[in-house]
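Structure data follow from run_14.cif (mmCIF, C-alpha atoms):
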```cif
data_protein
loop_
_atom_site.label_atom_id
_atom_site.label_comp_id
_atom_site.auth_asym_id
_atom_site.auth_seq_id
_atom_site.Cartn_x
_atom_site.Cartn_y
_atom_site.Cartn_z
CA MET D 1 -15.52 58.78 98.43
CA ARG D 2 -19.10 59.78 98.99
CA GLN D 3 -18.16 63.43 98.47
CA THR D 4 -16.27 62.62 95.25
CA GLY D 5 -19.21 60.61 93.91
CA LYS D 6 -21.62 63.39 94.78
CA ARG D 7 -19.41 65.90 92.94
CA LYS D 8 -19.33 63.68 89.84
CA PHE D 9 -23.11 63.38 89.94
CA ILE D 10 -23.46 67.17 90.07
CA TYR D 11 -21.08 67.61 87.13
CA LEU D 12 -22.97 65.01 85.12
CA ALA D 13 -26.29 66.71 85.84
CA LEU D 14 -24.91 70.08 84.79
CA PHE D 15 -23.46 68.58 81.61
CA LEU D 16 -26.78 66.99 80.64
CA THR D 17 -28.61 70.23 81.39
CA MET D 18 -26.28 72.16 79.11
CA THR D 19 -26.42 69.66 76.25
CA LEU D 20 -30.19 69.19 76.33
CA PRO D 21 -30.90 72.34 74.22
CA LEU D 22 -28.46 71.03 71.60
CA ALA D 23 -30.38 67.81 71.13
CA GLY D 24 -32.47 69.26 68.32
CA CYS D 25 -33.35 72.44 66.39
CA TRP D 26 -37.00 72.58 67.29
CA ASP D 27 -37.69 75.97 65.72
CA THR D 28 -36.26 75.22 62.25
CA ASN D 29 -37.83 73.80 59.11
CA GLU D 30 -36.31 70.97 57.14
CA ALA D 31 -35.06 72.21 53.77
CA GLU D 32 -36.67 69.45 51.71
CA ARG D 33 -40.05 70.14 53.28
CA MET D 34 -40.35 73.77 52.13
CA VAL D 35 -41.07 75.40 48.77
CA TYR D 36 -38.79 78.14 47.49
CA VAL D 37 -39.89 81.41 45.89
CA HIS D 38 -37.53 82.43 43.12
CA GLY D 39 -39.48 85.18 41.34
CA LEU D 40 -42.31 87.57 42.15
CA GLY D 41 -44.68 89.22 39.69
CA VAL D 42 -46.88 92.17 40.68
CA ASP D 43 -49.93 93.40 38.78
CA TYR D 44 -52.59 95.97 39.68
CA LYS D 45 -56.11 96.12 38.33
CA ASP D 46 -59.53 97.19 39.63
CA GLN D 47 -57.96 98.54 42.82
CA GLN D 48 -56.48 95.16 43.68
CA TYR D 49 -52.97 93.79 43.67
CA THR D 50 -52.41 90.45 42.00
CA ILE D 51 -49.20 88.67 42.88
CA TYR D 52 -47.58 85.74 41.07
CA LEU D 53 -45.04 83.57 42.87
CA GLN D 54 -42.58 81.56 40.81
CA ILE D 55 -41.73 78.40 42.73
CA ILE D 56 -38.68 76.45 41.52
CA ASN D 57 -37.95 72.76 41.90
CA PRO D 58 -34.58 72.58 43.71
CA ARG D 59 -34.19 68.91 42.80
CA LEU D 60 -33.63 69.88 39.17
CA LEU D 61 -30.87 72.41 39.85
CA ALA D 62 -27.97 69.98 40.06
CA LYS D 63 -26.35 69.11 36.73
CA SER D 64 -25.83 65.51 37.74
CA GLU D 65 -29.53 65.00 38.34
CA VAL D 66 -30.53 66.62 35.05
CA ALA D 67 -27.88 64.68 33.16
CA GLY D 68 -29.11 61.47 34.75
CA GLY D 69 -32.49 61.92 33.13
CA THR D 70 -34.47 63.22 36.08
CA SER D 71 -37.80 64.55 34.84
CA GLY D 72 -40.26 66.82 36.53
CA THR D 73 -41.77 70.28 36.61
CA LYS D 74 -39.14 73.02 36.82
CA ILE D 75 -41.48 75.91 37.60
CA GLU D 76 -44.85 76.36 39.20
CA VAL D 77 -46.59 79.72 39.48
CA GLY D 78 -49.09 80.58 42.20
CA ARG D 79 -51.52 83.49 41.94
CA ALA D 80 -53.62 85.47 44.42
CA SER D 81 -55.23 88.91 44.70
CA GLY D 82 -55.88 91.32 47.53
CA LYS D 83 -56.39 94.95 48.43
CA THR D 84 -52.80 95.00 49.70
CA ILE D 85 -49.71 93.03 48.73
CA ASN D 86 -49.59 91.36 52.13
CA GLU D 87 -53.23 90.30 51.89
CA ALA D 88 -52.52 88.69 48.53
CA PHE D 89 -49.56 86.80 50.03
CA PHE D 90 -51.67 85.41 52.86
CA LYS D 91 -54.41 84.33 50.48
CA LEU D 92 -51.79 82.35 48.58
CA TYR D 93 -50.48 80.86 51.82
CA LYS D 94 -53.92 79.31 52.39
CA SER D 95 -53.49 77.08 49.34
CA SER D 96 -49.79 76.36 49.74
CA GLN D 97 -49.07 72.75 50.64
CA ARG D 98 -45.86 73.56 52.51
CA ARG D 99 -44.14 76.53 54.14
CA ILE D 100 -43.00 79.10 51.55
CA PHE D 101 -39.40 80.27 52.01
CA TRP D 102 -38.49 83.76 50.71
CA GLY D 103 -34.74 83.71 51.29
CA HIS D 104 -34.01 82.71 47.67
CA LEU D 105 -36.21 85.36 46.03
CA GLY D 106 -34.12 86.68 43.15
CA PHE D 107 -36.20 89.14 41.11
CA VAL D 108 -39.42 91.16 40.96
CA ILE D 109 -41.34 91.95 37.75
CA PHE D 110 -43.92 94.75 37.63
CA THR D 111 -46.53 95.20 34.94
CA GLU D 112 -47.01 98.65 33.43
CA GLU D 113 -50.34 98.94 35.29
CA ALA D 114 -48.60 98.16 38.57
CA LEU D 115 -45.94 100.82 37.98
CA LYS D 116 -48.62 103.40 37.19
CA SER D 117 -50.12 102.78 40.63
CA GLU D 118 -48.26 102.68 43.95
CA ALA D 119 -47.27 99.03 43.53
CA ILE D 120 -43.53 99.68 43.47
CA GLN D 121 -43.77 101.56 46.79
CA ALA D 122 -45.98 98.91 48.41
CA THR D 123 -43.89 95.98 47.17
CA THR D 124 -40.44 97.30 48.02
CA ASP D 125 -41.64 98.53 51.41
CA LEU D 126 -42.93 95.05 52.27
CA LEU D 127 -39.82 93.27 50.99
CA ASP D 128 -37.56 95.72 52.82
CA ARG D 129 -39.30 95.01 56.13
CA TYR D 130 -39.39 91.21 55.82
CA ARG D 131 -36.39 89.51 57.41
CA GLU D 132 -35.95 86.68 54.86
CA THR D 133 -35.60 88.82 51.73
CA ARG D 134 -32.42 90.58 50.63
CA TYR D 135 -31.58 93.84 48.87
CA ARG D 136 -30.05 92.05 45.87
CA LEU D 137 -33.44 91.61 44.17
CA TRP D 138 -33.38 92.45 40.46
CA MET D 139 -36.17 94.78 39.30
CA TYR D 140 -37.97 94.59 35.93
CA ALA D 141 -41.00 95.93 34.09
CA THR D 142 -43.07 94.26 31.36
CA ASN D 143 -46.30 94.45 29.39
CA GLU D 144 -46.49 90.68 28.96
CA PRO D 145 -48.83 88.40 30.98
CA LEU D 146 -46.86 87.62 34.11
CA VAL D 147 -47.69 83.91 33.95
CA ASP D 148 -46.03 83.67 30.52
CA VAL D 149 -42.92 85.54 31.68
CA LEU D 150 -42.55 83.54 34.89
CA THR D 151 -42.96 80.19 33.13
CA ALA D 152 -40.44 80.99 30.37
CA VAL D 153 -37.41 78.74 30.88
CA PRO D 154 -33.84 79.32 29.63
CA ILE D 155 -32.50 77.58 26.54
CA MET D 156 -31.00 74.07 26.75
CA GLU D 157 -33.23 73.36 29.76
CA MET D 158 -30.84 75.21 32.03
CA SER D 159 -31.71 75.88 35.62
CA THR D 160 -34.22 78.68 36.16
CA ALA D 161 -31.65 80.21 38.51
CA LEU D 162 -29.53 80.90 35.40
CA SER D 163 -32.19 82.78 33.43
CA ARG D 164 -31.75 86.30 32.09
CA VAL D 165 -33.82 87.82 34.91
CA SER D 166 -32.29 85.70 37.67
CA ASP D 167 -28.64 86.31 36.75
CA PRO D 168 -28.57 89.46 34.56
CA LEU D 169 -24.90 90.26 35.14
CA ALA D 170 -23.85 87.20 33.12
CA THR D 171 -25.33 88.63 29.92
CA TYR D 172 -24.54 92.25 30.84
CA LYS D 173 -20.82 91.47 30.84
CA GLN D 174 -21.12 90.35 27.22
CA SER D 175 -23.60 92.95 25.97
CA SER D 176 -24.03 96.00 28.20
CA PHE D 177 -27.07 97.59 26.61
CA VAL D 178 -29.36 98.17 29.63
CA LYS D 179 -27.83 98.06 33.08
CA PRO D 180 -29.60 95.75 35.57
CA ILE D 181 -30.86 97.40 38.74
CA ASP D 182 -31.44 95.80 42.13
CA MET D 183 -33.68 96.93 44.98
CA ARG D 184 -30.83 98.58 46.88
CA GLU D 185 -29.84 100.74 43.92
CA LEU D 186 -33.48 101.50 43.18
CA PHE D 187 -33.89 102.92 46.70
CA ILE D 188 -30.82 105.11 46.20
CA LEU D 189 -31.85 106.47 42.80
CA LEU D 190 -35.43 107.22 43.83
CA ASN D 191 -34.33 109.06 46.98
CA GLU D 192 -31.67 111.29 45.39
CA PRO D 193 -32.08 113.99 42.72
CA PRO D 194 -33.62 113.77 40.19
CA TYR D 195 -35.59 111.03 42.00
CA GLU D 196 -35.74 108.94 38.84
CA ALA D 197 -34.62 105.42 37.95
CA ASN D 198 -34.44 103.32 34.80
CA ILE D 199 -35.77 99.79 35.26
CA PRO D 200 -35.05 97.23 32.51
CA TYR D 201 -38.12 96.63 30.36
CA ILE D 202 -38.50 93.02 29.22
CA ASN D 203 -40.79 90.93 27.05
CA LEU D 204 -40.86 87.55 25.33
CA THR D 205 -39.35 87.00 21.90
CA LYS D 206 -42.05 87.05 19.24
CA GLU D 207 -39.88 85.64 16.45
CA ASN D 208 -38.54 82.09 16.35
CA ILE D 209 -35.11 83.21 17.49
CA TRP D 210 -34.39 80.07 19.47
CA ARG D 211 -35.66 76.61 18.57
CA THR D 212 -34.86 73.00 19.26
CA GLU D 213 -35.08 70.14 16.78
CA LYS D 214 -38.73 69.79 17.83
CA LYS D 215 -40.15 73.28 18.33
CA SER D 216 -39.44 77.00 18.67
CA HIS D 217 -38.71 78.46 22.08
CA GLN D 218 -39.80 81.81 23.53
CA VAL D 219 -37.31 83.44 25.87
CA ILE D 220 -37.05 86.70 27.79
CA GLN D 221 -35.30 89.64 26.14
CA THR D 222 -34.61 93.27 27.03
CA LYS D 223 -36.64 95.75 24.99
CA GLY D 224 -35.89 99.08 26.67
CA ILE D 225 -36.32 100.84 30.00
CA ALA D 226 -39.18 101.90 32.22
CA SER D 227 -38.47 105.39 33.57
CA VAL D 228 -39.80 105.71 37.11
CA LYS D 229 -40.10 108.97 39.09
CA ASN D 230 -41.45 109.36 42.61
CA LYS D 231 -42.02 105.59 42.50
CA LYS D 232 -44.45 105.78 39.58
CA LEU D 233 -44.03 105.09 35.88
CA GLN D 234 -43.19 108.06 33.68
CA LYS D 235 -42.68 106.40 30.32
CA ILE D 236 -41.58 103.22 28.58
CA ILE D 237 -38.65 103.95 26.24
CA LYS D 238 -37.81 101.29 23.66
CA ASN D 239 -34.31 100.21 22.63
CA GLN D 240 -34.15 102.34 19.48
CA ASN D 241 -34.40 105.51 21.57
CA ILE D 242 -31.75 104.70 24.20
CA TYR D 243 -28.68 103.83 22.11
CA GLY D 244 -26.80 106.70 23.76
CA LEU D 245 -27.53 105.54 27.31
CA ARG D 246 -24.94 102.76 27.19
CA TRP D 247 -22.11 105.23 26.42
CA MET D 248 -23.10 107.32 29.45
CA THR D 249 -23.11 104.34 31.85
CA LYS D 250 -19.88 104.14 33.86
CA ASP D 251 -20.36 100.43 34.58
CA MET D 252 -20.62 99.55 30.90
CA LYS D 253 -18.58 96.38 30.29
CA ARG D 254 -18.80 95.53 26.60
CA GLU D 255 -21.02 96.62 23.73
CA GLU D 256 -21.09 96.60 19.95
CA LEU D 257 -21.05 99.79 17.90
CA THR D 258 -22.10 99.73 14.25
CA LEU D 259 -21.18 103.00 12.58
CA THR D 260 -24.09 105.05 11.28
CA THR D 261 -22.27 107.12 8.67
CA LYS D 262 -23.07 105.91 5.16
CA GLU D 263 -19.47 105.36 4.12
CA PHE D 264 -18.70 103.18 7.16
CA SER D 265 -22.02 101.41 7.72
CA ASP D 266 -20.32 98.03 7.14
CA VAL D 267 -17.77 98.62 9.93
CA SER D 268 -18.33 97.27 13.44
CA LEU D 269 -16.41 98.06 16.62
CA LEU D 270 -16.40 96.52 20.08
CA ILE D 271 -16.42 99.10 22.88
CA ASN D 272 -15.09 97.45 26.02
CA LYS D 273 -14.49 100.41 28.30
CA VAL D 274 -15.86 103.93 28.72
CA LYS D 275 -14.86 106.76 31.01
CA VAL D 276 -17.52 109.46 31.47
CA LYS D 277 -17.05 112.88 33.05
CA ILE D 278 -19.88 115.36 33.54
CA LYS D 279 -19.06 118.92 34.56
CA PRO D 280 -21.80 121.43 35.47
CA ILE D 281 -21.31 124.94 34.09
CA VAL D 282 -23.15 127.52 36.19
CA LYS D 283 -23.55 131.10 35.00
CA LYS D 284 -26.07 132.87 37.24
CA ASN D 285 -29.42 131.25 36.41
CA ASN D 286 -28.11 129.49 33.33
CA ILE D 287 -27.00 125.90 33.96
CA GLN D 288 -25.35 123.78 31.30
CA PHE D 289 -23.17 120.69 31.24
CA ALA D 290 -19.94 119.64 29.57
CA ILE D 291 -19.68 115.91 28.91
CA SER D 292 -16.51 114.01 28.12
CA ILE D 293 -16.52 110.38 26.95
CA LYS D 294 -13.39 108.32 26.45
CA ALA D 295 -13.84 104.86 24.97
CA ASP D 296 -11.53 101.95 24.18
CA ALA D 297 -12.46 100.10 21.01
CA VAL D 298 -11.52 96.95 19.12
CA LEU D 299 -12.09 96.75 15.38
CA ARG D 300 -14.25 93.68 14.69
CA GLU D 301 -15.34 94.16 11.07
CA ASN D 302 -13.61 96.10 8.29
CA PRO D 303 -14.35 94.11 5.13
CA LYS D 304 -13.13 96.78 2.73
CA ASP D 305 -9.96 97.66 4.65
CA LYS D 306 -10.89 101.30 5.23
CA SER D 307 -8.64 103.88 6.87
CA LEU D 308 -8.38 103.35 10.62
CA LYS D 309 -8.16 107.09 11.30
CA ASN D 310 -11.37 107.66 9.36
CA ILE D 311 -13.03 104.80 11.22
CA ILE D 312 -12.15 106.40 14.56
CA GLN D 313 -13.61 109.73 13.43
CA ALA D 314 -16.79 107.97 12.29
CA ALA D 315 -17.02 106.11 15.61
CA GLU D 316 -16.71 109.34 17.59
CA GLN D 317 -19.36 110.94 15.41
CA THR D 318 -21.71 107.96 15.86
CA ILE D 319 -21.37 107.92 19.67
CA LYS D 320 -21.88 111.67 19.85
CA GLN D 321 -24.99 111.42 17.68
CA GLN D 322 -26.49 108.60 19.75
CA VAL D 323 -25.82 110.38 23.05
CA ARG D 324 -27.52 113.55 21.81
CA GLU D 325 -30.51 111.71 20.31
CA THR D 326 -31.16 109.81 23.54
CA TYR D 327 -30.81 112.99 25.57
CA LEU D 328 -33.28 114.87 23.36
CA HIS D 329 -35.77 112.03 23.58
CA GLY D 330 -35.54 112.27 27.36
CA VAL D 331 -36.04 116.05 27.29
CA GLU D 332 -39.17 115.61 25.17
CA SER D 333 -40.56 113.24 27.81
CA ASN D 334 -39.39 115.42 30.74
CA ILE D 335 -36.91 112.72 31.81
CA ASP D 336 -33.40 113.42 33.06
CA ILE D 337 -32.12 110.26 31.44
CA TYR D 338 -28.42 110.91 32.21
CA ARG D 339 -29.11 112.14 35.77
CA LEU D 340 -27.50 115.51 35.09
CA SER D 341 -29.40 116.95 38.05
CA GLU D 342 -27.54 114.59 40.36
CA MET D 343 -24.20 115.81 39.03
CA LEU D 344 -25.12 119.41 39.84
CA TYR D 345 -26.47 118.36 43.25
CA ARG D 346 -23.18 116.68 44.17
CA LYS D 347 -20.82 119.32 42.79
CA ASN D 348 -22.71 122.57 43.44
CA VAL D 349 -25.59 122.02 45.83
CA GLN D 350 -26.38 125.75 46.15
CA ALA D 351 -26.84 126.09 42.38
CA TRP D 352 -29.03 122.99 42.48
CA LYS D 353 -31.19 124.50 45.24
CA ASN D 354 -31.64 127.67 43.22
CA ALA D 355 -32.59 125.87 40.01
CA GLU D 356 -34.34 122.65 41.01
CA GLN D 357 -38.01 122.04 40.41
CA ASN D 358 -39.30 118.96 42.24
CA GLY D 359 -35.72 117.81 42.64
CA LYS D 360 -34.82 118.13 38.98
CA VAL D 361 -32.97 120.84 37.10
CA PRO D 362 -34.98 122.10 34.09
CA LEU D 363 -33.32 120.76 30.95
CA THR D 364 -33.52 122.08 27.41
CA GLU D 365 -32.07 121.09 24.06
CA ASP D 366 -29.11 123.36 24.79
CA SER D 367 -28.36 122.14 28.32
CA ILE D 368 -25.46 120.07 27.00
CA GLN D 369 -23.06 122.86 26.09
CA LYS D 370 -20.18 120.60 25.10
CA LEU D 371 -19.97 116.93 24.17
CA ASP D 372 -16.48 115.60 23.59
CA VAL D 373 -15.96 111.98 22.48
CA GLN D 374 -12.57 110.31 22.10
CA VAL D 375 -12.27 106.75 20.83
CA HIS D 376 -8.99 104.91 21.37
CA LEU D 377 -8.58 102.00 18.96
CA ILE D 378 -6.69 99.32 20.92
CA HIS D 379 -6.22 96.83 18.10
CA GLY D 380 -7.82 95.57 14.91
CA GLU D 381 -6.40 92.08 14.57
CA LYS D 382 -6.12 88.97 16.72
CA ASN D 383 -3.45 88.97 19.40
CA ARG D 384 -2.34 92.54 18.68
CA LYS D 385 -1.79 94.07 22.09
CA HIS D 386 -0.29 97.43 21.23
CA SER D 387 -2.24 100.44 20.07
CA THR D 388 -3.04 100.56 16.35
CA ILE D 389 -3.24 104.35 16.31
CA LYS D 390 -0.54 106.33 18.06
#
```
Could the structure of this file be written out as structure tokens, please?
Amino acid sequence: MRQTGKRKFIYLALFLTMTLPLAGCWDTNEAERMVYVHGLGVDYKDQQYTIYLQIINPRLLAKSEVAGGTSGTKIEVGRASGKTINEAFFKLYKSSQRRIFWGHLGFVIFTEEALKSEAIQATTDLLDRYRETRYRLWMYATNEPLVDVLTAVPIMEMSTALSRVSDPLATYKQSSFVKPIDMRELFILLNEPPYEANIPYINLTKENIWRTEKKSHQVIQTKGIASVKNKKLQKIIKNQNIYGLRWMTKDMKREELTLTTKEFSDVSLLINKVKVKIKPIVKKNNIQFAISIKADAVLRENPKDKSLKNIIQAAEQTIKQQVRETYLHGVESNIDIYRLSEMLYRKNVQAWKNAEQNGKVPLTEDSIQKLDVQVHLIHGEKNRKHSTIK
């Protein structure tokens, strides 16, 4: 009996020893006792980085709480400066009342001044090394004061997590004008020929586009792209000069096309799918490209009941014109806006090695030898599933 009791005592001691580490999570932080960074703004001036942290109130994210009349501040923005990004962070930590958690960081906004310096390199390098942050961080550029952008809230008092910069894919699926870019894709584009990337350029609405029964409401909108090369800003290109970029984007989901020809200027189409093929044509030292675009379209407006065949021809002409105009604007600014250099690099690396200059193939007005556009009109009325044009 004594031996059995001794054995039980040993088992009990071992059991308690094993369960003791499970008694508590001593190295963790309680969720309600931390503050959560949702957005980061980066500025650069007088050889100093200034960072802006957008802190969200997680208590106001649940619909039930908002519907129940819970009031409180949705956003708070902290600001600090330093010679390095990390120094600025630690200066802000000194005034933070609780531990700052970075695991919910959703986007980064750079000012034009920051992009002209090495801020994009310094910021992404730091975020890439820190264990709490992720690669799915949306990247933006702006010329607006960062405090104003980071304190702009969505319409209808929606959660800040549902804003245009926090969840860009929601609006991109409805209107695919400028493709969002995250940190992972930015790394890829800046490290492969032509070492360029297009970051969405945003600002605040100046007109009273949105208003409640009490006052007007400024919101964030996309105004163009910021072309970045070698991790520095090349040029800001506004919307009116990049109409062709959407038709050359393979991930384009849905976009409106208003015909530019005078006879059909009152006709509007919905382009909901594009298929783009780029073929390099190499003849000794002469490099050109043949581009093929196939698009599916839905007729949305035809008030004067014009010929569908003529509408298709006008649509193909309009897309072709916009693609060429955007390309030429890029050539003028020494920007490979359609990443033609990458196509040559992937399909004929030896020709790329012979022609490249700083990773980019020299482009001229005649570099696009052939541009073929085919528009397939799916239907022009509600519930018509078959093709309108055979």
- Message: At a cut-off of 12 Å, using only C-alpha atoms, what residues contact region 119-134 of chain D? Leave out same-chain residues fewer than 6 positions from it and give the result as a ChimeraX atom specification.
- Response: /D:36-45,47-51,83-89,100-113,140-141,182-187,190,197,199,228-233
Using C-alpha atoms, can you export the residues from the last selection as a PDB file, in the frame of the given file?
```
ATOM      1  CA  TYR D  36     -38.790  78.140  47.490  1.00  0.00           C
ATOM      2  CA  VAL D  37     -39.890  81.410  45.890  1.00  0.00           C
ATOM      3  CA  HIS D  38     -37.530  82.430  43.120  1.00  0.00           C
ATOM      4  CA  GLY D  39     -39.480  85.180  41.340  1.00  0.00           C
ATOM      5  CA  LEU D  40     -42.310  87.570  42.150  1.00  0.00           C
ATOM      6  CA  GLY D  41     -44.680  89.220  39.690  1.00  0.00           C
ATOM      7  CA  VAL D  42     -46.880  92.170  40.680  1.00  0.00           C
ATOM      8  CA  ASP D  43     -49.930  93.400  38.780  1.00  0.00           C
ATOM      9  CA  TYR D  44     -52.590  95.970  39.680  1.00  0.00           C
ATOM     10  CA  LYS D  45     -56.110  96.120  38.330  1.00  0.00           C
ATOM     11  CA  GLN D  47     -57.960  98.540  42.820  1.00  0.00           C
ATOM     12  CA  GLN D  48     -56.480  95.160  43.680  1.00  0.00           C
ATOM     13  CA  TYR D  49     -52.970  93.790  43.670  1.00  0.00           C
ATOM     14  CA  THR D  50     -52.410  90.450  42.000  1.00  0.00           C
ATOM     15  CA  ILE D  51     -49.200  88.670  42.880  1.00  0.00           C
ATOM     16  CA  LYS D  83     -56.390  94.950  48.430  1.00  0.00           C
ATOM     17  CA  THR D  84     -52.800  95.000  49.700  1.00  0.00           C
ATOM     18  CA  ILE D  85     -49.710  93.030  48.730  1.00  0.00           C
ATOM     19  CA  ASN D  86     -49.590  91.360  52.130  1.00  0.00           C
ATOM     20  CA  GLU D  87     -53.230  90.300  51.890  1.00  0.00           C
ATOM     21  CA  ALA D  88     -52.520  88.690  48.530  1.00  0.00           C
ATOM     22  CA  PHE D  89     -49.560  86.800  50.030  1.00  0.00           C
ATOM     23  CA  ILE D 100     -43.000  79.100  51.550  1.00  0.00           C
ATOM     24  CA  PHE D 101     -39.400  80.270  52.010  1.00  0.00           C
ATOM     25  CA  TRP D 102     -38.490  83.760  50.710  1.00  0.00           C
ATOM     26  CA  GLY D 103     -34.740  83.710  51.290  1.00  0.00           C
ATOM     27  CA  HIS D 104     -34.010  82.710  47.670  1.00  0.00           C
ATOM     28  CA  LEU D 105     -36.210  85.360  46.030  1.00  0.00           C
ATOM     29  CA  GLY D 106     -34.120  86.680  43.150  1.00  0.00           C
ATOM     30  CA  PHE D 107     -36.200  89.140  41.110  1.00  0.00           C
ATOM     31  CA  VAL D 108     -39.420  91.160  40.960  1.00  0.00           C
ATOM     32  CA  ILE D 109     -41.340  91.950  37.750  1.00  0.00           C
ATOM     33  CA  PHE D 110     -43.920  94.750  37.630  1.00  0.00           C
ATOM     34  CA  THR D 111     -46.530  95.200  34.940  1.00  0.00           C
ATOM     35  CA  GLU D 112     -47.010  98.650  33.430  1.00  0.00           C
ATOM     36  CA  GLU D 113     -50.340  98.940  35.290  1.00  0.00           C
ATOM     37  CA  TYR D 140     -37.970  94.590  35.930  1.00  0.00           C
ATOM     38  CA  ALA D 141     -41.000  95.930  34.090  1.00  0.00           C
ATOM     39  CA  ASP D 182     -31.440  95.800  42.130  1.00  0.00           C
ATOM     40  CA  MET D 183     -33.680  96.930  44.980  1.00  0.00           C
ATOM     41  CA  ARG D 184     -30.830  98.580  46.880  1.00  0.00           C
ATOM     42  CA  GLU D 185     -29.840 100.740  43.920  1.00  0.00           C
ATOM     43  CA  LEU D 186     -33.480 101.500  43.180  1.00  0.00           C
ATOM     44  CA  PHE D 187     -33.890 102.920  46.700  1.00  0.00           C
ATOM     45  CA  LEU D 190     -35.430 107.220  43.830  1.00  0.00           C
ATOM     46  CA  ALA D 197     -34.620 105.420  37.950  1.00  0.00           C
ATOM     47  CA  ILE D 199     -35.770  99.790  35.260  1.00  0.00           C
ATOM     48  CA  VAL D 228     -39.800 105.710  37.110  1.00  0.00           C
ATOM     49  CA  LYS D 229     -40.100 108.970  39.090  1.00  0.00           C
ATOM     50  CA  ASN D 230     -41.450 109.360  42.610  1.00  0.00           C
ATOM     51  CA  LYS D 231     -42.020 105.590  42.500  1.00  0.00           C
ATOM     52  CA  LYS D 232     -44.450 105.780  39.580  1.00  0.00           C
ATOM     53  CA  LEU D 233     -44.030 105.090  35.880  1.00  0.00           C
TER      54      LEU D 233
END
```
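When CA of Tyr243 (chain D) is paired with CA of Tyr195 (chain D), their separation reads 22.3 Å.
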- Please write as a ChimeraX atom specification the full residue list that the PyMOL selection byres ((chain D and resi 263-277) around 10) yields on this file. /D:173-176,246-262,278-279,290-306,310-312,314-315,343,372-378,380
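Here CA of Ser163 (chain D) stands at a distance of 11.2 Å from CA of Val149 (chain D).
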- Could you give me, as a list of chain:residue names, the residues within 8 Å of region 75-77 of chain D, counting only C-alpha atoms and dropping anything in the same chain fewer than 5 positions from it?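 Residues meeting the cut-off are D:Tyr52, D:Leu53, D:Gln54, D:Ile55, D:Ile56, D:Asn57, D:Val147, D:Leu150, D:Thr151, D:Thr160.
What separates CA of Ile319 (chain D) from CA of Leu371 (chain D) is a distance of 10.2 Å.
Proximity to Lys223 (chain D) at 10 Å, evaluated using only C-alpha atoms and with sequence-adjacent residues fewer than 6 positions away removed, yields Thr142, Phe177, Val178, Pro200, Tyr201, Ile202, Asn203, Leu204, Thr205, Ile236, Ile237, Lys238, Asn239 and Gln240 of chain D.
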Report as JSON the centre and the edge lengths, in Å to one decimal, of the axis-aligned box holding every listed atom of region 204-217 of chain D, padded by 8 Å on each side.
```
{"center_x": -38.2, "center_y": 78.7, "center_z": 20.8, "size_x": 23.7, "size_y": 33.8, "size_z": 25.0}
```
- Message: Would you pick out the contacts of Ile337 (chain D) at 8 Å or less, using all atoms listed in the file, so that residues sharing its chain but fewer than 3 positions from it are not included, and give the list as a PyMOL selection string?
- Response: chain D and resi 245+326-327+330+340
For the structure shown, which residues end up in the PyMOL selection byres ((chain D and resi 368) around 7)? Put them as a PDB file with C-alpha atoms, in the coordinates of the input, please?
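Final file, out_38.pdb:
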```pdb
ATOM      1  CA  GLN D 288     -25.350 123.780  31.300  1.00  0.00           C
ATOM      2  CA  PHE D 289     -23.170 120.690  31.240  1.00  0.00           C
ATOM      3  CA  ALA D 290     -19.940 119.640  29.570  1.00  0.00           C
ATOM      4  CA  ASP D 366     -29.110 123.360  24.790  1.00  0.00           C
ATOM      5  CA  SER D 367     -28.360 122.140  28.320  1.00  0.00           C
ATOM      6  CA  GLN D 369     -23.060 122.860  26.090  1.00  0.00           C
ATOM      7  CA  LYS D 370     -20.180 120.600  25.100  1.00  0.00           C
ATOM      8  CA  LEU D 371     -19.970 116.930  24.170  1.00  0.00           C
TER       9      LEU D 371
END
```
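When all atoms listed in the file are used to compute distances to Val165 (chain D), the closest of the residues D:Asn143, D:Ser95, D:Ser333, D:Gln221 turns out to be D:Gln221.
For the residues D:Asn354, D:His217, D:Trp210, D:Gln234, ranking by smallest atom-to-atom distance to Asn334 (chain D) using only C-alpha atoms places D:Gln234 first.
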- Would you please work out which residue, of D:Ile209, D:Met34, D:Arg136, D:Ile188, is nearest to Pro168 (chain D) when using only C-alpha atoms?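 Comparing D:Ile209, D:Met34, D:Arg136, D:Ile188 against Pro168 (chain D), the winner is D:Arg136.
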- Quick one: of D:Lys347, D:Gln321, D:Ala226, D:Asp167, who's nearest to Ile281 (chain D), counting only C-alpha atoms?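 Of the candidates, the smallest distance to Ile281 (chain D) is held by D:Lys347.
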